[in-house]
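This is structure.tsv (TSV, C-alpha atoms).
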chain	number	residue	atom	x	y	z
K	459	MET	CA	117.61	107.15	170.41
K	460	PRO	CA	120.58	108.49	168.40
K	461	SER	CA	120.29	108.09	164.76
K	462	HIS	CA	123.09	106.57	162.66
K	463	ARG	CA	123.34	107.19	158.99
K	464	MET	CA	124.13	103.97	157.17
K	465	ARG	CA	125.08	103.34	153.54
K	466	ARG	CA	124.82	99.95	151.91
K	467	VAL	CA	127.84	98.97	149.86
K	468	ASP	CA	128.10	95.52	148.23
K	469	GLY	CA	125.17	94.37	150.32
K	470	ARG	CA	126.79	95.29	153.67
K	471	GLY	CA	125.89	98.11	155.96
K	472	LEU	CA	128.86	100.47	156.32
K	473	SER	CA	129.19	103.75	158.05
K	474	ASP	CA	130.32	106.78	156.06
K	475	GLY	CA	133.85	106.43	157.42
K	476	GLN	CA	134.02	102.77	156.59
K	477	GLY	CA	132.67	103.42	153.11
K	478	LEU	CA	135.32	106.05	152.48
K	479	ASN	CA	138.07	103.70	153.61
K	480	TRP	CA	136.76	100.93	151.34
K	481	ARG	CA	136.61	103.31	148.37
K	482	SER	CA	140.15	104.52	149.09
K	483	ARG	CA	141.47	100.99	149.12
K	484	SER	CA	139.62	100.25	145.89
K	485	ILE	CA	141.09	103.33	144.20
K	486	ARG	CA	144.58	102.44	145.40
K	487	ARG	CA	144.20	98.97	143.93
K	488	ARG	CA	143.10	100.40	140.60
K	489	ILE	CA	146.15	102.67	140.55
K	490	LEU	CA	148.69	100.12	141.79
K	491	LEU	CA	147.69	97.34	139.39
K	492	PRO	CA	148.57	99.27	136.20
K	493	LEU	CA	151.81	100.47	137.82
K	494	LEU	CA	152.70	96.87	138.67
K	495	LEU	CA	152.04	95.77	135.10
K	496	VAL	CA	154.21	98.61	133.79
K	497	ALA	CA	157.00	97.57	136.15
K	498	ILE	CA	156.80	93.95	134.98
K	499	ALA	CA	156.83	95.00	131.32
K	500	SER	CA	159.81	97.29	131.92
K	501	ALA	CA	161.73	94.56	133.70
K	502	TYR	CA	161.05	92.14	130.83
K	503	TYR	CA	162.22	94.68	128.26
K	504	TYR	CA	165.45	95.63	130.04
K	505	PHE	CA	166.46	92.24	131.38
K	506	VAL	CA	165.06	89.80	128.75
K	507	TYR	CA	164.08	91.43	125.44
K	508	ARG	CA	166.71	94.13	125.16
K	509	PRO	CA	169.77	91.89	125.85
K	510	ALA	CA	168.55	89.50	123.13
K	511	HIS	CA	168.31	92.23	120.47
K	512	SER	CA	170.81	94.57	118.93
K	513	SER	CA	171.21	97.77	120.93
K	514	VAL	CA	172.20	101.20	119.71
K	515	GLY	CA	175.89	101.21	118.76
K	516	GLU	CA	176.03	97.49	118.03
K	517	GLY	CA	176.62	95.92	114.66
K	518	ALA	CA	174.01	94.06	112.62
K	519	TYR	CA	173.80	92.34	109.23
K	520	VAL	CA	171.36	92.60	106.34
K	521	LEU	CA	169.08	89.57	105.87
K	522	PRO	CA	167.38	89.99	102.43
K	523	GLU	CA	169.29	89.67	99.16
K	524	SER	CA	168.69	93.41	98.64
K	525	LEU	CA	167.37	96.11	100.97
K	526	GLN	CA	166.57	99.77	100.44
K	527	MET	CA	167.51	102.45	102.97
K	528	VAL	CA	165.09	105.35	103.36
K	529	ASP	CA	165.40	108.82	104.85
K	530	THR	CA	162.58	108.38	107.38
K	531	PRO	CA	160.29	105.65	108.73
K	532	ALA	CA	157.29	107.91	108.03
K	533	GLU	CA	154.68	107.01	105.42
K	534	VAL	CA	156.22	109.40	102.86
K	535	ARG	CA	159.89	108.55	102.44
K	536	ILE	CA	162.73	108.69	99.92
K	537	VAL	CA	165.19	105.90	99.11
K	538	VAL	CA	168.70	107.06	100.02
K	539	GLY	CA	170.68	103.88	99.32
K	540	SER	CA	170.64	100.13	98.92
K	541	LEU	CA	172.23	97.23	100.81
K	542	LYS	CA	173.00	93.60	99.92
K	543	GLY	CA	172.45	90.47	101.97
K	544	GLY	CA	175.27	90.03	104.47
K	545	ASP	CA	176.31	93.70	104.50
K	546	SER	CA	177.30	94.97	107.95
K	547	VAL	CA	175.81	98.14	109.45
K	548	GLU	CA	175.96	100.00	112.75
K	549	ILE	CA	172.75	100.75	114.63
K	550	LEU	CA	172.38	104.48	115.43
K	551	ALA	CA	168.78	104.64	116.69
K	552	ARG	CA	165.69	102.51	116.86
K	553	THR	CA	161.92	102.79	117.09
K	554	ARG	CA	159.45	99.98	117.59
K	555	ASN	CA	159.73	98.61	114.03
K	556	TRP	CA	162.50	100.65	112.42
K	557	VAL	CA	166.24	101.10	112.88
K	558	ARG	CA	168.51	103.93	111.77
K	559	VAL	CA	171.77	102.46	110.50
K	560	GLN	CA	175.10	103.58	109.13
K	561	THR	CA	177.16	101.69	106.56
K	562	PRO	CA	180.97	101.35	106.80
K	563	ASP	CA	181.34	104.14	104.20
K	564	GLY	CA	179.23	106.56	106.27
K	565	LEU	CA	175.87	106.37	104.50
K	566	THR	CA	172.93	106.56	106.93
K	567	GLY	CA	169.27	105.68	106.59
K	568	TRP	CA	166.35	103.74	108.04
K	569	VAL	CA	165.43	100.07	107.51
K	570	GLU	CA	162.83	97.82	109.11
K	571	THR	CA	164.06	95.88	112.15
K	572	LYS	CA	162.88	92.54	110.71
K	573	ASN	CA	165.43	92.89	107.88
K	574	LEU	CA	168.46	92.86	110.21
K	575	LEU	CA	170.26	90.07	112.02
K	576	ASP	CA	172.04	90.87	115.27
K	577	SER	CA	175.78	90.24	115.46
K	578	ARG	CA	175.54	87.37	117.98
K	579	ALA	CA	173.20	85.33	115.76
K	580	TYR	CA	175.33	86.18	112.72
K	581	GLU	CA	178.51	84.85	114.39
K	582	SER	CA	176.66	81.70	115.50
K	583	GLY	CA	175.61	81.15	111.89
K	584	ARG	CA	179.19	81.59	110.69
K	585	GLN	CA	180.39	79.07	113.26
K	586	LEU	CA	177.77	76.58	112.07
K	587	LEU	CA	179.02	77.04	108.50
K	588	ARG	CA	182.61	76.37	109.57
K	589	GLU	CA	181.55	73.16	111.30
K	590	LEU	CA	179.82	71.88	108.16
K	591	LEU	CA	182.90	72.50	106.03
K	592	SER	CA	184.60	69.54	107.74
K	593	LEU	CA	181.68	67.14	107.14
K	594	PRO	CA	180.69	65.27	103.98
K	595	PRO	CA	177.27	66.25	102.57
K	596	GLN	CA	174.71	63.50	103.09
K	597	ALA	CA	172.62	64.50	100.07
K	598	GLU	CA	171.95	67.36	97.69
K	599	GLY	CA	168.71	69.00	96.68
K	600	HIS	CA	166.93	72.26	96.07
K	601	THR	CA	164.27	74.42	97.68
K	602	THR	CA	160.72	74.09	96.37
K	603	GLY	CA	159.79	77.61	97.45
K	604	VAL	CA	160.93	80.55	99.54
K	605	VAL	CA	162.08	79.25	102.92
K	606	ASN	CA	163.64	80.76	106.04
K	607	LEU	CA	167.10	79.57	107.06
K	608	ARG	CA	167.20	79.41	110.87
K	609	LEU	CA	169.91	79.05	113.50
K	610	GLU	CA	168.01	76.23	115.22
K	611	PRO	CA	165.43	73.66	114.00
K	612	SER	CA	162.52	75.73	115.31
K	613	ARG	CA	160.01	78.16	113.88
K	614	ASP	CA	161.08	80.54	116.66
K	615	GLY	CA	164.81	80.20	115.92
K	616	ALA	CA	166.76	83.25	114.77
K	617	GLN	CA	166.37	83.77	111.03
K	618	LEU	CA	169.79	83.75	109.35
K	619	ALA	CA	168.60	84.33	105.78
K	620	GLN	CA	165.74	83.85	103.39
K	621	VAL	CA	166.47	81.27	100.70
K	622	MET	CA	164.75	81.67	97.34
K	623	GLY	CA	163.00	78.89	95.45
K	624	ASN	CA	165.07	76.44	93.40
K	625	GLN	CA	168.19	77.23	95.44
K	626	THR	CA	170.76	74.40	95.45
K	627	LEU	CA	171.34	72.91	98.91
K	628	GLN	CA	173.70	70.43	100.53
K	629	VAL	CA	172.07	68.40	103.31
K	630	PHE	CA	174.11	67.54	106.42
K	631	GLY	CA	171.56	66.56	109.06
K	632	ARG	CA	167.93	65.89	109.91
K	633	ARG	CA	165.89	66.34	113.07
K	634	LEU	CA	162.26	65.72	114.03
K	635	VAL	CA	160.82	68.57	116.11
K	636	GLU	CA	157.41	68.74	117.72
K	637	ARG	CA	155.30	71.50	116.21
K	638	PRO	CA	153.98	74.03	118.79
K	639	GLY	CA	150.36	73.39	119.73
K	640	PRO	CA	147.88	73.86	122.59
K	641	ALA	CA	149.47	73.22	125.99
K	642	ASP	CA	146.77	70.71	126.93
K	643	GLN	CA	147.14	68.71	123.71
K	644	PRO	CA	148.50	65.17	124.32
K	645	SER	CA	152.04	64.64	123.01
K	646	ALA	CA	150.89	61.66	120.96
K	647	ALA	CA	148.47	63.91	119.04
K	648	LYS	CA	151.00	66.62	118.23
K	649	THR	CA	152.49	66.93	114.77
K	650	ARG	CA	156.25	66.80	114.25
K	651	ASP	CA	158.19	68.61	111.54
K	652	ALA	CA	161.29	67.25	109.86
K	653	TRP	CA	164.06	69.87	109.66
K	654	TYR	CA	167.20	69.66	107.50
K	655	LEU	CA	170.58	71.12	108.39
K	656	VAL	CA	171.79	72.55	105.09
K	657	ARG	CA	174.36	74.72	103.41
K	658	ALA	CA	172.99	77.19	100.89
K	659	GLY	CA	175.90	78.94	99.18
K	660	PRO	CA	177.79	80.95	101.80
K	661	ARG	CA	175.24	80.31	104.54
K	662	ALA	CA	174.27	77.36	106.73
K	663	GLY	CA	171.27	76.69	108.95
K	664	TRP	CA	168.07	74.71	109.42
K	665	VAL	CA	165.12	74.66	107.00
K	666	LEU	CA	161.77	72.89	107.09
K	667	GLY	CA	162.15	69.58	105.31
K	668	ARG	CA	158.94	69.88	103.33
K	669	PHE	CA	160.50	72.74	101.36
K	670	VAL	CA	163.43	70.58	100.24
K	671	ALA	CA	163.44	68.18	97.26
K	672	LEU	CA	166.39	65.79	97.02
K	673	ASP	CA	168.22	65.56	93.67
K	674	ILE	CA	169.38	61.95	93.32
K	675	PRO	CA	172.42	61.54	91.00
K	676	GLU	CA	171.31	60.38	87.56
K	677	ARG	CA	173.47	57.25	87.68
K	678	LEU	CA	171.75	56.17	90.92
K	679	SER	CA	168.19	56.98	89.87
K	680	ALA	CA	167.51	53.46	88.59
K	681	TYR	CA	168.58	51.95	91.91
K	682	ALA	CA	166.46	54.45	93.87
K	683	GLN	CA	163.16	53.31	92.37
K	684	GLY	CA	160.85	51.88	95.00
K	685	THR	CA	162.97	53.12	97.91
K	686	ASN	CA	162.98	56.24	100.05
K	687	LEU	CA	166.55	57.25	99.29
K	688	VAL	CA	167.71	59.83	101.85
K	689	ALA	CA	171.51	59.98	101.54
K	690	TRP	CA	174.37	59.20	99.16
K	691	VAL	CA	177.92	59.76	100.35
K	692	VAL	CA	181.00	59.36	98.15
K	693	ILE	CA	183.44	56.88	99.73
K	694	LYS	CA	186.04	56.86	96.95
K	695	THR	CA	186.35	57.11	93.18
K	696	ALA	CA	187.17	54.62	90.41
K	697	GLU	CA	189.14	55.48	87.28
K	698	ASP	CA	187.37	54.75	84.00
K	699	GLY	CA	188.88	55.98	80.74
K	700	GLY	CA	190.60	58.92	82.37
K	701	GLN	CA	187.48	59.93	84.33
K	702	SER	CA	186.88	59.59	88.06
K	703	VAL	CA	183.57	57.88	88.84
K	704	PRO	CA	182.25	58.25	92.42
K	705	GLU	CA	181.53	55.10	94.43
K	706	TYR	CA	178.72	55.59	96.91
K	707	LEU	CA	177.40	54.57	100.27
K	708	VAL	CA	173.62	54.94	99.82
K	709	ALA	CA	171.14	55.08	102.71
K	710	ASP	CA	167.37	54.77	102.66
K	711	ARG	CA	164.61	54.83	105.24
K	712	MET	CA	161.91	52.17	105.34
K	713	GLY	CA	159.04	51.84	107.80
K	714	THR	CA	160.21	54.49	110.28
K	715	GLN	CA	160.38	58.24	110.68
K	716	GLU	CA	162.33	58.19	113.94
K	717	ALA	CA	165.73	57.28	112.49
K	718	ASP	CA	167.41	59.10	109.63
K	719	PHE	CA	168.02	55.81	107.80
K	720	SER	CA	167.40	52.10	108.32
K	721	HIS	CA	169.19	50.45	105.41
K	722	ILE	CA	172.49	50.94	103.54
K	723	ARG	CA	174.06	49.77	100.29
K	724	VAL	CA	177.54	50.28	98.86
K	725	PHE	CA	177.73	50.82	95.10
K	726	THR	CA	181.07	50.26	93.34
K	727	TRP	CA	181.81	50.90	89.67
K	728	TRP	CA	182.24	47.96	87.30
K	729	VAL	CA	184.55	49.35	84.63
K	730	LYS	CA	184.07	46.48	82.18
K	731	LYS	CA	180.30	47.01	81.91
K	732	ARG	CA	180.32	50.65	82.97
K	733	GLU	CA	177.62	50.24	85.57
K	734	TYR	CA	177.23	50.21	89.33
K	735	VAL	CA	177.11	46.94	91.24
K	736	THR	CA	175.96	46.37	94.80
K	737	ALA	CA	179.03	45.51	96.86
K	738	TYR	CA	177.43	45.49	100.32
K	739	VAL	CA	173.96	45.55	101.90
K	740	GLU	CA	172.86	45.90	105.52
K	741	GLY	CA	169.45	46.52	107.04
K	742	ASP	CA	167.54	46.72	110.33
K	743	LEU	CA	169.57	49.76	111.33
K	744	LYS	CA	168.62	52.73	113.47
K	745	GLY	CA	171.00	55.23	111.96
K	746	TYR	CA	171.50	58.98	112.24
K	747	PHE	CA	173.36	61.59	110.20
K	748	PRO	CA	176.08	62.42	109.56
K	749	ILE	CA	177.59	59.34	107.89
K	750	GLY	CA	181.35	59.82	108.10
K	751	VAL	CA	184.03	58.86	105.57
K	752	SER	CA	187.82	58.92	105.94
K	753	PHE	CA	191.00	57.89	104.17
K	754	VAL	CA	193.70	56.68	106.59
K	755	ASN	CA	197.06	55.18	105.59
K	756	GLY	CA	195.84	54.40	102.12
K	757	VAL	CA	192.60	52.72	103.31
K	758	HIS	CA	189.03	53.96	102.87
K	759	TYR	CA	186.68	53.81	105.88
K	760	PHE	CA	183.12	54.87	106.63
K	761	ARG	CA	181.28	54.93	109.94
K	762	LEU	CA	177.62	54.95	110.89
K	763	ARG	CA	176.04	56.58	113.94
K	764	LEU	CA	173.67	53.94	115.29
K	765	MET	CA	171.40	53.38	118.29
K	766	ASP	CA	170.55	49.99	119.78
K	767	ALA	CA	167.21	48.80	121.17
K	768	GLU	CA	168.05	50.19	124.63
K	769	GLY	CA	168.86	53.64	123.25
K	770	HIS	CA	172.65	53.34	123.57
K	771	LYS	CA	174.60	55.32	120.98
K	772	TYR	CA	177.54	53.75	119.15
K	773	GLN	CA	179.46	53.96	115.90
K	774	LYS	CA	179.97	51.05	113.56
K	775	VAL	CA	183.11	51.28	111.41
K	776	TYR	CA	183.61	49.70	107.96
K	777	ARG	CA	186.68	49.24	105.79
K	778	MET	CA	186.85	48.88	102.00
K	779	PHE	CA	189.34	46.41	100.49
K	780	GLY	CA	189.12	47.28	96.81
K	781	ASN	CA	185.45	46.55	96.07
K	782	ILE	CA	184.93	44.49	99.25
K	783	THR	CA	183.33	46.09	102.32
K	784	ARG	CA	183.78	44.70	105.83
K	785	ALA	CA	182.52	45.82	109.23
K	786	ILE	CA	185.61	45.99	111.47
K	787	GLY	CA	184.07	46.86	114.85
K	788	THR	CA	182.16	49.35	116.98
K	789	VAL	CA	183.01	52.39	119.10
K	790	GLN	CA	180.85	53.60	122.00
K	791	GLY	CA	179.25	57.02	121.59
K	792	TRP	CA	178.80	59.25	118.57
K	793	GLU	CA	181.67	61.65	119.18
K	794	GLY	CA	185.22	61.26	117.96
K	795	ASP	CA	186.81	59.18	115.21
K	796	ALA	CA	188.48	56.40	117.23
K	797	MET	CA	188.98	53.04	115.56
K	798	PRO	CA	187.52	49.82	117.02
K	799	THR	CA	189.84	47.74	119.24
K	800	SER	CA	188.00	44.45	118.67
K	801	PRO	CA	186.43	42.91	115.56
K	802	GLU	CA	182.72	43.20	114.94
K	803	PRO	CA	181.17	40.31	113.03
K	804	GLY	CA	177.92	42.18	112.35
K	805	ARG	CA	175.50	41.29	109.58
K	806	HIS	CA	176.56	41.95	106.06
K	807	ARG	CA	176.23	40.49	102.60
K	808	ARG	CA	178.65	41.01	99.76
K	809	SER	CA	176.84	40.63	96.46
K	810	GLY	CA	179.78	40.44	94.07
K	811	ARG	CA	178.88	41.57	90.57
K	812	ARG	CA	175.14	41.94	90.92
K	813	GLY	CA	173.67	45.18	89.75
K	814	ARG	CA	171.20	45.73	92.59
Please express the file's structure as structure tokens.
Amino acid sequence: MPSHRMRRVDGRGLSDGQGLNWRSRSIRRRILLPLLLVAIASAYYYFVYRPAHSSVGEGAYVLPESLQMVDTPAEVRIVVGSLKGGDSVEILARTRNWVRVQTPDGLTGWVETKNLLDSRAYESGRQLLRELLSLPPQAEGHTTGVVNLRLEPSRDGAQLAQVMGNQTLQVFGRRLVERPGPADQPSAAKTRDAWYLVRAGPRAGWVLGRFVALDIPERLSAYAQGTNLVAWVVIKTAEDGGQSVPEYLVADRMGTQEADFSHIRVFTWWVKKREYVTAYVEGDLKGYFPIGVSFVNGVHYFRLRLMDAEGHKYQKVYRMFGNITRAIGTVQGWEGDAMPTSPEPGRHRRSGRRGR
């Protein structure tokens, strides 16, 4: 009876030829898998990562307030120059963590990639600043520590600058953003961060709200006791002894984190007693920044961005007659500055000469 040599592989009886074929396929798989991973990584770099980052020959901008240029990215290096925040440079070469740059006056050197902002993000930041220039600040404050200024209200947003502690800020907006967490974590259990849209000197962007302390005007501090004051917008000014005293629309937030504010008051200046009086009060609002003010044909107006119980967005417009405030109507949507076409009775209370 002919003999057959058998070899057991993975518990199965295979002939020598079959065993060789199985081993060949196994080897091919071990070779092809790394090649496939390399191909995927290369595709990601060239089609996703690289387009989103500054390439050689493109411009970039310095992020820190000051930055040293060195002659080499090696461990032993010599400082060859210094740059200031906002300076423009041209990228000549790059490694994984370093970039060789050239200044407009021809000086070349190496800096770390993390200290540069690509030109697209820089221009987006400049556009954001231009947009804020046409809006009234909602509040003012200062940073309580070093904080990153970002293009979007996200920890992953492009960093536009690093703002030092105790830096004066103007606040223009607020947004609640869900903090990244485990994918299987229920939405109800996830933490949300409050972000502020701010202007810090010549830059604008989003910062984490917990690093911002609001600086309430001294004359309003007595009225802010016991309330969560979140905004104060100047509607107009009153003349008192040759000085212009601001008259404010003040907003606070009570019992909710969803809306930016839920209650407003208008403070006008009583020249005779040299103190503020409450000229208007309204509550039970679901309001969002920015609060707008305007001066049209000799009349002062302000408008609130509100949302009703069904989630519909609308603006409510108010007019000031001397020290008297009246709601004059509503406009659908949050965009534009159209005036109401029909009166809006609304809920309001004029308090005359009461101080609070």
- Find, counting all atoms listed in the file, the residue in K:Arg552, K:Arg613, K:Lys730, K:Arg784 that gets nearest to K:Tyr759.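 Using all atoms listed in the file, K:Tyr759 sits closest to K:Arg784.
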- Message: Give me, as a list in words, all polymer residues having an atom no more than 12 Å from K:Gly769, counting all atoms listed in the file and skipping those fewer than 5 positions away in the same chain.
- Response: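 Answer for this query is Ala717, Lys744, Gly745, Leu764 and Gly791 of chain K.
Proximity of K:Glu793, K:Glu581, K:Glu716, K:Asp529 to K:Ala652, computed with only C-alpha atoms, is greatest for K:Glu716.
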- Item | Distance in Å - atom CA of K:Val604 versus atom CA of K:Gln625 | 9.0 Å
- Query: To one decimal place, how far is atom CA of K:Leu707 from atom CA of K:Val692 in Å?
  - Reply: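 These atoms are spaced 6.4 Å apart.
Rounded to one decimal, atom CA of K:Glu740 and atom CA of K:Asp651 lie 27.7 Å from each other.
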- Message: I want to know what sits within 9 Å of K:Val635, based on all atoms listed in the file, with residues of the same chain fewer than 4 positions away left out; could you give that as an NGL selection string?
- Response: :K and (611-612 or 649-653)
- Give me the residues within 9 Å of K:Arg723 as a PyMOL selection string, counting only C-alpha atoms and dropping any in the same chain fewer than 2 places off. chain K and resi 706-710+721+725+736-741
Writer output for current selection, C-alpha atoms, as a PDB file, keeping the file's coordinate frame:
ATOM      1  CA  TYR K 706     178.720  55.590  96.910  1.00  0.00           C
ATOM      2  CA  LEU K 707     177.400  54.570 100.270  1.00  0.00           C
ATOM      3  CA  VAL K 708     173.620  54.940  99.820  1.00  0.00           C
ATOM      4  CA  ALA K 709     171.140  55.080 102.710  1.00  0.00           C
ATOM      5  CA  ASP K 710     167.370  54.770 102.660  1.00  0.00           C
ATOM      6  CA  HIS K 721     169.190  50.450 105.410  1.00  0.00           C
ATOM      7  CA  PHE K 725     177.730  50.820  95.100  1.00  0.00           C
ATOM      8  CA  THR K 736     175.960  46.370  94.800  1.00  0.00           C
ATOM      9  CA  ALA K 737     179.030  45.510  96.860  1.00  0.00           C
ATOM     10  CA  TYR K 738     177.430  45.490 100.320  1.00  0.00           C
ATOM     11  CA  VAL K 739     173.960  45.550 101.900  1.00  0.00           C
ATOM     12  CA  GLU K 740     172.860  45.900 105.520  1.00  0.00           C
ATOM     13  CA  GLY K 741     169.450  46.520 107.040  1.00  0.00           C
TER      14      GLY K 741
END
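Residue nearest K:Glu589, chosen from K:Pro531, K:Pro562, K:Gly603, K:Gly663 and counting only C-alpha atoms: K:Gly663.
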- Task: Find, counting all atoms listed in the file, the residue in K:Val534, K:Ile786, K:Leu655, K:Val569 that gets nearest to K:Phe630.
- Result: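 Going through K:Val534, K:Ile786, K:Leu655, K:Val569 one by one, the smallest distance to K:Phe630 is for K:Leu655.
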- Query: Which protein, DNA or RNA residues have an atom at most 9 Å from (174.0, 78.1, 101.9), counting only C-alpha atoms? List them as a ChimeraX atom specification.
  - Reply: /K:587,607,621,625-628,656-663
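Closest approach to K:Thr553 from the set K:Thr714, K:Gln585, K:Ser540, K:Thr571 is made by K:Thr571, with distances taken over only C-alpha atoms.
Nearest to K:Gly515 of all the residues K:Leu550, K:Val751, K:Met712, K:Ala532 is K:Leu550, counting only C-alpha atoms.
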Completed stretch 547-558 of chain K (N, CA and C atoms) as a short mmCIF file (atom, residue, chain, number, x, y, z; two decimals), in the coordinates of the input:
data_model
loop_
_atom_site.label_atom_id
_atom_site.label_comp_id
_atom_site.auth_asym_id
_atom_site.auth_seq_id
_atom_site.Cartn_x
_atom_site.Cartn_y
_atom_site.Cartn_z
N VAL K 547 176.20 96.76 109.15
CA VAL K 547 175.81 98.14 109.45
C VAL K 547 175.92 98.36 110.95
N GLU K 548 175.97 99.63 111.33
CA GLU K 548 175.96 100.00 112.75
C GLU K 548 174.62 100.63 113.09
N ILE K 549 174.05 100.23 114.21
CA ILE K 549 172.75 100.75 114.63
C ILE K 549 172.95 102.08 115.35
N LEU K 550 172.28 103.14 114.84
CA LEU K 550 172.38 104.48 115.43
C LEU K 550 171.19 104.82 116.31
N ALA K 551 170.01 104.35 115.93
CA ALA K 551 168.78 104.64 116.69
C ALA K 551 167.74 103.60 116.32
N ARG K 552 166.74 103.47 117.17
CA ARG K 552 165.69 102.51 116.86
C ARG K 552 164.34 102.99 117.37
N THR K 553 163.30 102.62 116.63
CA THR K 553 161.92 102.79 117.09
C THR K 553 161.35 101.38 117.26
N ARG K 554 160.06 101.28 117.37
CA ARG K 554 159.45 99.98 117.59
C ARG K 554 159.74 99.01 116.44
N ASN K 555 159.59 99.49 115.19
CA ASN K 555 159.73 98.61 114.03
C ASN K 555 160.83 99.03 113.06
N TRP K 556 161.50 100.14 113.36
CA TRP K 556 162.50 100.65 112.42
C TRP K 556 163.83 100.88 113.14
N VAL K 557 164.90 100.87 112.35
CA VAL K 557 166.24 101.10 112.88
C VAL K 557 166.98 102.06 111.95
N ARG K 558 167.65 103.03 112.55
CA ARG K 558 168.51 103.93 111.77
C ARG K 558 169.91 103.33 111.78
#
